[in-house]
Amino acid sequence: MLQRHGGAHAGLALAVDEETFATALAGLRRGGKLVMVALSADGIDHVPVFSTVLGGTAVIGSMVGTRQDLAEVFQLHAAGRTRVVHESRPLSSVNECIDEVLQGHVKARALL
């Protein structure tokens with residue numbers, strides 16, 4: 001979808017699974033950068049070398065952000081430029097929810 005609009009200059013991977021990672025990477029324009037802040041559940045993400053080299057894209061990592069980074073994210077959210085993807089769960093399902101998170105089966109933020 002992003003490619004129809006010229007592709008993204010940059011992407012930010014906050015919740016990474018194989019499908020989300022591939023979608024974010026495919027949405028980059030030539031020369032775009034994907035910043036990975038989160039790790040996939042198994043710690044392995046496949047980077048398609050051929051399309052990455054031909055497209056001149058880059059995948060870079062960032063373990064943590066600074067306080068200034070966090071303040072800027074809050075400003076973007078307050079301005080309506082971001083949205084939180086979440087699943088609401090009853091508090092009684094806390095143990096099942098933790099198991100799903102540890103197994104990498106939660107596709108969004110889980111709110112109890």
# chains A, B, ... in the order shown; residues from 1 in each chain; ligands from 1
>>> residues_around(residues="Arg109 in chain A", least_positions_apart="4", cutoff="8 Å", atoms="only C-alpha atoms", output="PDB file with N, CA and C atoms, in the first residue's frame")
ATOM      1  N   VAL A  84      -2.239   3.548  18.797  1.00  0.00           N
ATOM      2  CA  VAL A  84      -1.816   2.385  19.560  1.00  0.00           C
ATOM      3  C   VAL A  84      -2.676   1.201  19.138  1.00  0.00           C
ATOM      4  N   VAL A  85      -2.028   0.157  18.654  1.00  0.00           N
ATOM      5  CA  VAL A  85      -2.729  -1.076  18.290  1.00  0.00           C
ATOM      6  C   VAL A  85      -2.752  -1.943  19.538  1.00  0.00           C
ATOM      7  N   HIS A  86      -3.947  -2.311  19.983  1.00  0.00           N
ATOM      8  CA  HIS A  86      -4.039  -3.060  21.231  1.00  0.00           C
ATOM      9  C   HIS A  86      -5.183  -4.058  21.210  1.00  0.00           C
ATOM     10  N   GLU A  87      -5.087  -4.998  22.123  1.00  0.00           N
ATOM     11  CA  GLU A  87      -6.146  -5.975  22.373  1.00  0.00           C
ATOM     12  C   GLU A  87      -6.518  -5.855  23.842  1.00  0.00           C
TER      13      GLU A  87
END
>>> residues_around(residues="range 92-100 of chain A", least_positions_apart="4", cutoff="9 Å", atoms="only C-alpha atoms", output="number ranges by chain")
A: 104-106, 110, 112
>>> residues_around(residues="range 8-13 of chain A", least_positions_apart="3", cutoff="9 Å", atoms="only C-alpha atoms", output="count of residues only")
21
>>> closest_residue(among="A:Arg81, A:Leu111, A:Ala26, A:Gly6", to="Thr52 in chain A", atoms="only C-alpha atoms")
A:Ala26
>>> atom_distance(atom1="CA of Val59 in chain A", atom2="CA of His77 in chain A")
24.1 Å
>>> select_by_dssp(residues="chain A", states="alpha helix (DSSP H)", output="JSON, numbers by chain")
{"A": [18, 19, 20, 21, 22, 23, 24, 25, 26, 49, 50, 51, 52, 53, 54, 55, 67, 68, 69, 70, 71, 72, 73, 74, 75, 76, 77, 78, 94, 95, 96, 97, 98, 99, 100, 101, 102]}
>>> write_last_selection(atoms="C-alpha atoms", output="mmCIF file, in the first residue's frame")
data_model
loop_
_atom_site.group_PDB
_atom_site.id
_atom_site.type_symbol
_atom_site.label_atom_id
_atom_site.label_comp_id
_atom_site.auth_asym_id
_atom_site.auth_seq_id
_atom_site.Cartn_x
_atom_site.Cartn_y
_atom_site.Cartn_z
ATOM 1 C CA GLU A 18 7.847 -11.907 10.589
ATOM 2 C CA GLU A 19 4.752 -10.588 8.791
ATOM 3 C CA THR A 20 4.946 -7.111 10.336
ATOM 4 C CA PHE A 21 8.669 -6.861 9.627
ATOM 5 C CA ALA A 22 8.200 -7.908 5.986
ATOM 6 C CA THR A 23 5.337 -5.425 5.534
ATOM 7 C CA ALA A 24 7.331 -2.546 7.015
ATOM 8 C CA LEU A 25 10.372 -3.364 4.905
ATOM 9 C CA ALA A 26 8.295 -3.699 1.717
ATOM 10 C CA VAL A 49 19.110 -9.333 0.626
ATOM 11 C CA PHE A 50 18.391 -9.060 -3.122
ATOM 12 C CA SER A 51 15.557 -6.514 -2.817
ATOM 13 C CA THR A 52 17.317 -4.689 0.028
ATOM 14 C CA VAL A 53 20.499 -4.189 -2.014
ATOM 15 C CA LEU A 54 18.664 -3.268 -5.230
ATOM 16 C CA GLY A 55 16.349 -0.901 -3.366
ATOM 17 C CA ARG A 67 13.979 10.784 27.159
ATOM 18 C CA GLN A 68 13.865 13.284 24.295
ATOM 19 C CA ASP A 69 12.832 10.505 21.886
ATOM 20 C CA LEU A 70 10.022 9.516 24.241
ATOM 21 C CA ALA A 71 8.871 13.133 24.568
ATOM 22 C CA GLU A 72 8.782 13.442 20.768
ATOM 23 C CA VAL A 73 6.738 10.237 20.443
ATOM 24 C CA PHE A 74 4.240 11.595 22.976
ATOM 25 C CA GLN A 75 4.027 14.839 20.974
ATOM 26 C CA LEU A 76 3.384 12.919 17.753
ATOM 27 C CA HIS A 77 0.681 10.884 19.462
ATOM 28 C CA ALA A 78 -0.948 13.973 20.970
ATOM 29 C CA VAL A 94 -3.444 -12.459 32.931
ATOM 30 C CA ASN A 95 -1.644 -15.831 33.040
ATOM 31 C CA GLU A 96 -2.795 -16.847 29.558
ATOM 32 C CA CYS A 97 -1.846 -13.409 28.247
ATOM 33 C CA ILE A 98 1.675 -13.654 29.688
ATOM 34 C CA ASP A 99 2.089 -17.092 28.103
ATOM 35 C CA GLU A 100 0.998 -15.698 24.719
ATOM 36 C CA VAL A 101 3.452 -12.786 25.016
ATOM 37 C CA LEU A 102 6.321 -15.144 25.905
#
>>> atom_distance(atom1="CA of Ser62 in chain A", atom2="CA of Arg4 in chain A")
28.1 Å
>>> atom_distance(atom1="CA of Gln103 in chain A", atom2="CA of Ala58 in chain A")
28.0 Å
>>> select_by_dssp(residues="chain A", states="strand (DSSP E)", output="list in words")
Ala8, His9, Ala10, Gly11, Leu12, Ala13, Leu28, Arg29, Arg30, Gly31, Gly32, Lys33, Leu34, Val35, Met36, Ala58, Val59, Ile60, Gly61, His86, Glu87, Ser88, Arg109, Ala110 and Leu111 of chain A
>>> decode(residues="range 4-45 of chain A", atoms="N, CA and C atoms", output="compact mmCIF listing (two decimals), in the first residue's frame")
# COMPACT_ATOMS: atom_id res chain seq x y z
N ARG A 4 2.30 2.46 -3.38
CA ARG A 4 1.41 3.20 -4.29
C ARG A 4 1.54 4.71 -4.08
N HIS A 5 2.04 5.11 -2.92
CA HIS A 5 2.19 6.52 -2.59
C HIS A 5 3.66 6.94 -2.59
N GLY A 6 4.51 6.13 -3.19
CA GLY A 6 5.93 6.46 -3.28
C GLY A 6 6.81 5.79 -2.23
N GLY A 7 6.21 5.11 -1.27
CA GLY A 7 6.98 4.43 -0.23
C GLY A 7 7.37 5.37 0.89
N ALA A 8 7.70 4.77 2.01
CA ALA A 8 8.07 5.54 3.20
C ALA A 8 9.57 5.82 3.22
N HIS A 9 9.94 7.00 3.67
CA HIS A 9 11.35 7.33 3.85
C HIS A 9 11.94 6.50 4.99
N ALA A 10 11.11 6.26 6.01
CA ALA A 10 11.57 5.51 7.18
C ALA A 10 10.41 4.75 7.80
N GLY A 11 10.74 3.66 8.45
CA GLY A 11 9.76 2.88 9.19
C GLY A 11 10.32 2.59 10.57
N LEU A 12 9.42 2.40 11.51
CA LEU A 12 9.81 2.13 12.89
C LEU A 12 9.11 0.86 13.33
N ALA A 13 9.88 -0.18 13.59
CA ALA A 13 9.32 -1.48 13.99
C ALA A 13 9.33 -1.57 15.51
N LEU A 14 8.14 -1.41 16.10
CA LEU A 14 8.02 -1.45 17.56
C LEU A 14 7.53 -2.81 18.05
N ALA A 15 6.75 -3.49 17.27
CA ALA A 15 6.25 -4.82 17.62
C ALA A 15 6.52 -5.71 16.42
N VAL A 16 7.56 -6.50 16.52
CA VAL A 16 8.05 -7.20 15.34
C VAL A 16 7.65 -8.67 15.36
N ASP A 17 7.01 -9.10 14.31
CA ASP A 17 6.87 -10.51 13.97
C ASP A 17 7.23 -10.58 12.50
N GLU A 18 7.37 -11.76 11.96
CA GLU A 18 7.85 -11.91 10.59
C GLU A 18 6.98 -11.16 9.58
N GLU A 19 5.66 -11.25 9.73
CA GLU A 19 4.75 -10.59 8.79
C GLU A 19 4.83 -9.06 8.90
N THR A 20 4.86 -8.56 10.13
CA THR A 20 4.95 -7.11 10.34
C THR A 20 6.27 -6.57 9.81
N PHE A 21 7.35 -7.28 10.10
CA PHE A 21 8.67 -6.86 9.63
C PHE A 21 8.70 -6.81 8.10
N ALA A 22 8.20 -7.86 7.45
CA ALA A 22 8.20 -7.91 5.99
C ALA A 22 7.35 -6.79 5.39
N THR A 23 6.21 -6.50 6.01
CA THR A 23 5.34 -5.42 5.53
C THR A 23 6.01 -4.07 5.66
N ALA A 24 6.64 -3.83 6.80
CA ALA A 24 7.33 -2.55 7.01
C ALA A 24 8.48 -2.38 6.03
N LEU A 25 9.24 -3.43 5.82
CA LEU A 25 10.37 -3.36 4.91
C LEU A 25 9.89 -3.15 3.47
N ALA A 26 8.83 -3.83 3.08
CA ALA A 26 8.30 -3.70 1.72
C ALA A 26 7.70 -2.32 1.47
N GLY A 27 7.34 -1.61 2.53
CA GLY A 27 6.74 -0.30 2.38
C GLY A 27 7.73 0.84 2.20
N LEU A 28 9.03 0.53 2.28
CA LEU A 28 10.04 1.58 2.16
C LEU A 28 10.26 1.98 0.71
N ARG A 29 10.55 3.25 0.51
CA ARG A 29 10.95 3.73 -0.81
C ARG A 29 12.43 3.43 -1.02
N ARG A 30 12.91 3.62 -2.23
CA ARG A 30 14.33 3.44 -2.52
C ARG A 30 15.14 4.33 -1.57
N GLY A 31 16.11 3.75 -0.89
CA GLY A 31 16.94 4.49 0.05
C GLY A 31 16.33 4.62 1.43
N GLY A 32 15.14 4.02 1.66
CA GLY A 32 14.48 4.12 2.96
C GLY A 32 15.19 3.32 4.04
N LYS A 33 14.87 3.65 5.28
CA LYS A 33 15.48 2.97 6.42
C LYS A 33 14.41 2.42 7.35
N LEU A 34 14.62 1.20 7.82
CA LEU A 34 13.74 0.59 8.80
C LEU A 34 14.51 0.49 10.11
N VAL A 35 13.99 1.15 11.16
CA VAL A 35 14.63 1.13 12.48
C VAL A 35 13.89 0.10 13.33
N MET A 36 14.63 -0.88 13.81
CA MET A 36 14.04 -1.93 14.63
C MET A 36 14.30 -1.61 16.10
N VAL A 37 13.22 -1.36 16.83
CA VAL A 37 13.32 -1.07 18.25
C VAL A 37 13.01 -2.32 19.06
N ALA A 38 12.17 -3.20 18.51
CA ALA A 38 11.78 -4.43 19.20
C ALA A 38 12.43 -5.62 18.51
N LEU A 39 12.44 -6.73 19.19
CA LEU A 39 12.96 -7.97 18.62
C LEU A 39 11.81 -8.94 18.41
N SER A 40 11.95 -9.77 17.40
CA SER A 40 10.93 -10.79 17.19
C SER A 40 11.02 -11.83 18.30
N ALA A 41 9.98 -12.60 18.46
CA ALA A 41 9.92 -13.57 19.55
C ALA A 41 11.08 -14.57 19.51
N ASP A 42 11.47 -14.99 18.31
CA ASP A 42 12.55 -15.96 18.19
C ASP A 42 13.91 -15.30 17.97
N GLY A 43 13.94 -13.97 17.91
CA GLY A 43 15.19 -13.26 17.73
C GLY A 43 15.75 -13.31 16.32
N ILE A 44 14.96 -13.81 15.37
CA ILE A 44 15.42 -13.93 13.98
C ILE A 44 14.44 -13.24 13.07
N ASP A 45 14.94 -12.34 12.25
CA ASP A 45 14.13 -11.70 11.21
C ASP A 45 14.88 -11.88 9.90
